[in-house]
Amino acid sequence: MQVIKEEARFLSDSVRNSYSQIFFSDNKWLALFVMFASFIDPYAGTGGLLCLLITIVLYRWSGLNTTFIRNGLYGYNALLLGFAMGVMFRFTLAFFVIVVLAALLLLIVTVWISSITSKKGVPFLSFPFMVVIWVVLLSTRGFASLHLSERGIYTFNELWRIGGKPLVSVYETIGSLGLPKLADIYLKSLGAIFFQYNIISGLLIALGLLIYSRIAFLLSILGFLSGYFFCYFIQGNITELEYSYIGFNYILMAIAIGGFYVVPSLRSFLLALISAPLIVLLMSSLDRILGVFNLPMYSLPFSILVILIVFLLSNRYQVKQLYLVKFQQYSPEKNLYLDHNRLERFKNDTYIHINLPFRGEWFVSQGHNGGITHKDDWRFAWDFVITDETGKTYKQPGTKVEDFYCYGLPILAPAAGYIVNVLDDVEDNSIGDVNIEANWGNTIIIKHGDYLYSKLSHLKAGSFTVKVGDYVKKGDLIARCGSSGRSPEPHLHFQLQSNQLIAAGSIKYPIAYYASNEQGKQSLNSYEYPLEGQKVQGILPSPLLYSSFHFIPGMKMSFNVNERNAQNRVDWEVFVDTLNMPYIYCHQTRSVAYFTNNESVHYFTNFKGDKKSLLYHFYLAEHKVLLNHEMKIEIKDSIPVNAFFKGSAIFFQDFIAPFYIYLNAEYVSSSVEMQDGIKLISSVKSRNNNNSSTRLDFETEIGAEGILKFTIKGQKLCITAERTV
């Protein structure tokens with residue numbers, strides 16, 4: 001029985017997602033609107049669904065990766081092929097045989113084309129459909145048993161045959177509304193994507209688009225108007241737009257470029273605006289080329305241009321605007337809000353995380369562009385010392401290196417890498433003296449990646465624990481602080497550079513996570529640059545907090561939940577997806593919460609599923625947790641707009657989100673030490689034009705067994721969840 005349920009769910013997901021993927025979506029409501037619209041002409045709708053079902057069966061039979069067919073990425077081409085064949089041919093036995101063969105050919109062509117495009121990092125879009133439909137059209141011209149259909153020519157006759165007088169009346173009523181000519185062509189162009197040449201289908205699809213995505217809806221209008229008016233401006237073939245409704249190429253291109261492959265913004269809208277005229281040029285040229293063989297162009301212009309633009313954007317050396325979507329959410333709004341949140345959180349995020357190379361709190365005696373030695377090529381370096389409460393770097397009398405607080409303290413590897421250069425034969429200077437000949441003193445250089453090396457200088461002779469060729473992990477002891485080279489008193493010189501030479505200049509590269517102390521108040525810094533005059537220290541996780549948020553694949557958690565005196569059990573399990581991203585999965589609601597734990601901070605990155613679930617509130621409560629409770633740092637963050645707001649609030653925000661985001665959900669968390677563990681206190685407060693509107697408060701109790709209990713309180717909400725053994 002369980003196997004049957006899984007197969008039914010797989011089939012349902014595959015069909016639904018294939019319909020919605022035509023508009024780059026996985027939204028079930030859009031899928032229903034599109035599916036219903038595709039059956040206004042039942043022959044086209046039946047042909048599409050039939051070809052899709054055959055394709056799904058063939059994929060299951062072939063043993064290929066079923067993920068691609070389940071999420072609709074391989075299914076939408078089958079739908080387009082079936083729609084086209086359902087419109088072109090009469091339903092005969094020969095037709096059904098050809099559909100099966102065409103679906104088999106489509107499978108082969110899709111796998112082949114996708115293997116080529118994936119290597120270039122570009123989508124294959126509707127190219128498989130185009131190749132196979134051309135093969136079908138060219139080959140069937142000599143098949144006498146296949147009969148061409150005349151559907152699409154006599155609209156009223158077809159509507160009467162499909163729905164009788166009621167459907168004709170609806171069509172006439174819509175026509176009597178006096179829609180502007182542009183609106184009529186736009187709606188019929190939407191329907192033409194599914195080989196539906198009537199305004200009813202267009203209205204259904206437009207409504208589905210509006211419900212699914214306000215940004216996609218706006219882009220569809222923008223792309224259509226841009227292409228139409230450019231065609232009119234150059235006195236192109238307007239008749240082709242008005243009767244074949246080939247203008248759907250403008251619509252699909254605008255949605256793809258303006259909000260799906262590129263994060264929606266003012267610039268992405270402008271890119272979609274200026275790309276529509278390029279579609280006009282492609283359509284005109286392709287019409288002449290394909291006309292020789294009497295072949296249709298369908299969605300070919302859209303596919304060509306989108307692939308070229310994505311390829312161009314993905315091969316830029318510097319990316320300052322027009323960001324490609326990194327982790328596809330299949331929604332322009334989600335792509336935008338998550339990227340906006342990511343930029344707020346990690347605006348200087350780096351691929352390799354560099355940490356402070358010491359334990360405890362040190363003082364930045366010289367920072368970037370320091371006035372002593374950090375100039376010119378070495379302007380992005382730091383000097384670190386340790387000071388007491390009076391600001392002195394030594395204990396009395398301060399005449400020997402041993403009197404200085406930092407002397408002899410452990411120096412650690414700032415990140416994993418290989419030791420590539422070592423100098424360890426320079427004696428420490430007397431206090432006040434310097435060694436200009438061996439300027440850098442004893443030095444270790446670690447290679448962390450191509451063109452990224454760290455240099456630690458003025459180390460103590462004979463204290464090295466590493467040699468050239470050794471591999472070190474973050475936090476490994478490598479030497480001790482000294483006063484060799486150009487060092488009048490003990491200190492650590494630390495810089496990042498692009499090569500392994502000891503005399504190399506510095507590069508600007510941020511420190512991943514560290515705490516800064518100014519006037520007795522500590523704050524968390526993420527991917528920033530320690531400033532001269534600050535006291536800084538790395539984040540060493542508290543064992544209890546680290547182990548409690550160390551969610552490993554296969555880990556299971558269960559909670560007894562009490563909400564308004566109603567009790568139920570919730571079961572979670574930790575998994576890792578194909579992109580190696582860990583997430584917590586709720587078995588009851590099928591919700592997922594993606595997270596990261598980098599040993600300094602635990603934070604959630606995304607949530608998908610039921611916003612009434614316990615997992616959703618856990619996602620909010622532990623959105624960002626500092627894994628050190630002793631620092632007493634209040635953590636501030638923001639929740640993605642789409643993850644917190646709903647209803648009319650976010651509906652209207654979506655329309656202007658690419659240009660301005662006025663909704664805000666602020667997150668704050670702190671920790672309190674208890675007798676038997678730690679209590680995390682957090683809250684989320686939403687703001688609309690700076691006016692507080694909603695607040696949720698959370699408390700999480702942590703003990704030796706991990707997360708024991710957490711509570712959620714809101715205006716109309718009170719939930720308690722206790723961990724079960």
# chains A, B, ... in the order shown; residues from 1 in each chain; ligands from 1
>>> residues_around(residues="segment 412-415 of chain A", least_positions_apart="2", cutoff="12 Å", atoms="only C-alpha atoms", output="MDAnalysis selection string")
chainID A and resid 351:360 409:410 417:419 444:449 452:456 459 464:466 470:481 492 494:496 510:514 538
>>> residues_around(residues="Tyr59 of chain A", least_positions_apart="6", cutoff="9 Å", atoms="only C-alpha atoms", output="list in words")
Asn65, Thr66, Ile69 and Leu107 of chain A
>>> select_by_dssp(residues="segment 555-699 of chain A", states="strand (DSSP E)", output="MDAnalysis selection string")
chainID A and resid 556:563 566:576 582:586 592:597 601:608 624:626 635:638 663:673 678:688 691:699
>>> select_by_dssp(residues="segment 246-411 of chain A", states="alpha helix (DSSP H)", output="PyMOL selection string")
chain A and resi 248-255+266-291+300-314+332-345
>>> closest_residue(among="A:Tyr529, A:Phe559, A:Tyr323, A:Phe91", to="Val364 of chain A", atoms="only C-alpha atoms")
A:Tyr529
>>> residues_around(residues="Leu544 of chain A", least_positions_apart="4", cutoff="9 Å", atoms="only C-alpha atoms", output="list in words")
Ser548, Phe549, Leu627, Gly677, Ile678, Ile702, Gly703, Ala704, Glu705 and Gly706 of chain A
>>> closest_residue(among="A:Tyr509, A:Trp29, A:Tyr407, A:Tyr660", to="Ala461 of chain A", atoms="only C-alpha atoms")
A:Tyr407
>>> residues_around(residues="segment 44-58 of chain A", least_positions_apart="3", cutoff="10 Å", atoms="only C-alpha atoms", output="PyMOL selection string")
chain A and resi 10-11+14-15+18-19+35-41+61-64+66+69-70+72+74-89+91+95-96+99-107+151+194-196
>>> residues_around(residues="Leu225 of chain A", least_positions_apart="4", cutoff="9 Å", atoms="only C-alpha atoms", output="list in words")
Leu182, Tyr186, Ser220, Ile221, Phe229, Phe230, Tyr250, Leu273 and Ala276 of chain A
>>> residues_around(residues="Asn628 of chain A", least_positions_apart="4", cutoff="10 Å", atoms="only C-alpha atoms", output="list in words")
Ile539, Leu540, Pro541, Ser542, Pro543, Leu544, Leu545, Tyr546, Glu599, Ser600, Val601, Lys632, Ile633 and Ser671 of chain A
>>> residues_around(residues="Tyr330 of chain A", least_positions_apart="2", cutoff="12 Å", atoms="only C-alpha atoms", output="number ranges by chain")
A: 17, 20-28, 30, 71-73, 212-213, 216, 255-256, 259-263, 325-328, 332-336, 338, 608
>>> write_last_selection(atoms="N, CA, C and O atoms", output="compact mmCIF listing (two decimals), in the first residue's frame")
# COMPACT_ATOMS: atom_id res chain seq x y z
N ASN A 17 3.94 19.58 -11.66
CA ASN A 17 5.12 20.42 -11.85
C ASN A 17 5.44 20.64 -13.33
O ASN A 17 6.00 21.68 -13.69
N SER A 20 3.31 23.63 -14.41
CA SER A 20 3.76 24.92 -13.85
C SER A 20 5.15 25.30 -14.34
O SER A 20 5.47 26.49 -14.43
N GLN A 21 6.00 24.31 -14.69
CA GLN A 21 7.36 24.62 -15.12
C GLN A 21 7.39 25.38 -16.45
O GLN A 21 8.40 25.99 -16.78
N ILE A 22 6.32 25.34 -17.20
CA ILE A 22 6.29 26.12 -18.44
C ILE A 22 6.47 27.60 -18.11
O ILE A 22 7.01 28.37 -18.91
N PHE A 23 6.02 27.99 -16.92
CA PHE A 23 6.23 29.37 -16.45
C PHE A 23 7.29 29.41 -15.35
O PHE A 23 7.25 30.28 -14.49
N PHE A 24 8.23 28.46 -15.36
CA PHE A 24 9.36 28.43 -14.42
C PHE A 24 8.89 28.40 -12.97
O PHE A 24 9.42 29.11 -12.12
N SER A 25 7.90 27.58 -12.69
CA SER A 25 7.30 27.57 -11.37
C SER A 25 7.08 26.13 -10.89
O SER A 25 7.06 25.20 -11.69
N ASP A 26 6.91 26.00 -9.57
CA ASP A 26 6.46 24.73 -9.02
C ASP A 26 5.19 24.94 -8.20
O ASP A 26 4.86 24.15 -7.31
N ASN A 27 4.49 26.03 -8.51
CA ASN A 27 3.29 26.40 -7.77
C ASN A 27 2.10 25.55 -8.20
O ASN A 27 1.75 25.49 -9.39
N LYS A 28 1.45 24.90 -7.25
CA LYS A 28 0.37 23.98 -7.58
C LYS A 28 -0.87 24.71 -8.09
O LYS A 28 -1.61 24.18 -8.93
N LEU A 30 -0.92 27.58 -9.84
CA LEU A 30 -0.67 27.94 -11.23
C LEU A 30 -0.83 26.72 -12.12
O LEU A 30 -1.39 26.81 -13.22
N ASN A 71 10.23 17.00 -10.73
CA ASN A 71 10.12 18.45 -10.56
C ASN A 71 9.69 19.17 -11.83
O ASN A 71 9.64 20.40 -11.86
N GLY A 72 9.39 18.40 -12.88
CA GLY A 72 8.83 18.99 -14.09
C GLY A 72 9.84 19.48 -15.10
O GLY A 72 9.46 19.91 -16.20
N LEU A 73 11.12 19.40 -14.78
CA LEU A 73 12.14 19.95 -15.69
C LEU A 73 12.22 19.18 -17.00
O LEU A 73 12.58 19.74 -18.04
N TYR A 212 0.07 33.36 -8.71
CA TYR A 212 1.38 32.74 -8.45
C TYR A 212 2.46 33.77 -8.18
O TYR A 212 3.23 33.67 -7.22
N SER A 213 2.55 34.82 -9.01
CA SER A 213 3.64 35.78 -8.89
C SER A 213 3.26 37.12 -9.48
O SER A 213 2.99 37.22 -10.69
N ALA A 216 6.13 38.07 -11.95
CA ALA A 216 6.02 37.39 -13.24
C ALA A 216 4.89 37.99 -14.08
O ALA A 216 5.03 38.14 -15.30
N ILE A 255 9.82 36.93 -18.35
CA ILE A 255 9.72 36.24 -17.06
C ILE A 255 11.03 35.54 -16.73
O ILE A 255 11.52 35.59 -15.59
N ALA A 256 11.62 34.89 -17.73
CA ALA A 256 12.86 34.14 -17.52
C ALA A 256 14.01 35.05 -17.13
O ALA A 256 14.73 34.80 -16.15
N GLY A 259 13.05 37.73 -13.82
CA GLY A 259 12.81 37.31 -12.45
C GLY A 259 13.11 35.89 -12.10
O GLY A 259 13.02 35.51 -10.93
N PHE A 260 13.46 35.05 -13.10
CA PHE A 260 13.72 33.64 -12.79
C PHE A 260 15.22 33.34 -12.75
O PHE A 260 15.75 32.95 -11.72
N TYR A 261 15.91 33.52 -13.85
CA TYR A 261 17.35 33.27 -13.87
C TYR A 261 18.14 34.42 -13.27
O TYR A 261 19.25 34.23 -12.79
N VAL A 262 17.58 35.62 -13.31
CA VAL A 262 18.21 36.80 -12.74
C VAL A 262 17.37 37.29 -11.57
O VAL A 262 16.13 37.30 -11.66
N VAL A 263 18.01 37.65 -10.47
CA VAL A 263 17.28 38.16 -9.31
C VAL A 263 16.53 39.43 -9.72
O VAL A 263 17.12 40.35 -10.28
N VAL A 325 20.45 33.95 -10.16
CA VAL A 325 19.89 33.26 -8.99
C VAL A 325 20.79 32.08 -8.63
O VAL A 325 21.07 31.23 -9.48
N LYS A 326 21.23 32.03 -7.39
CA LYS A 326 22.16 31.01 -6.96
C LYS A 326 21.44 29.71 -6.61
O LYS A 326 21.82 28.63 -7.06
N PHE A 327 20.42 29.82 -5.78
CA PHE A 327 19.64 28.65 -5.37
C PHE A 327 18.20 28.88 -5.79
O PHE A 327 17.48 29.67 -5.17
N GLN A 328 17.81 28.20 -6.86
CA GLN A 328 16.52 28.47 -7.50
C GLN A 328 15.35 28.11 -6.59
O GLN A 328 15.26 27.00 -6.09
N PRO A 332 9.87 34.27 -8.67
CA PRO A 332 10.62 35.53 -8.68
C PRO A 332 10.66 36.20 -7.32
O PRO A 332 11.69 36.76 -6.92
N GLU A 333 9.52 36.17 -6.59
CA GLU A 333 9.48 36.81 -5.28
C GLU A 333 10.42 36.12 -4.30
O GLU A 333 11.19 36.78 -3.58
N LYS A 334 10.38 34.79 -4.25
CA LYS A 334 11.25 34.07 -3.33
C LYS A 334 12.72 34.28 -3.70
O LYS A 334 13.57 34.45 -2.82
N ASN A 335 13.02 34.26 -4.99
CA ASN A 335 14.39 34.53 -5.43
C ASN A 335 14.85 35.89 -4.94
O ASN A 335 15.98 36.05 -4.47
N LEU A 336 13.97 36.88 -5.05
CA LEU A 336 14.32 38.25 -4.65
C LEU A 336 14.47 38.37 -3.14
O LEU A 336 15.48 38.89 -2.65
N LEU A 338 14.94 36.11 -0.76
CA LEU A 338 16.04 35.35 -0.19
C LEU A 338 17.38 35.99 -0.54
O LEU A 338 18.30 36.02 0.28
N LYS A 608 10.59 25.91 3.70
CA LYS A 608 9.56 25.56 2.74
C LYS A 608 8.53 24.68 3.41
O LYS A 608 8.88 23.68 4.03
>>> atom_distance(atom1="atom CA of Ala721 of chain A", atom2="atom CA of Phe698 of chain A")
11.2 Å
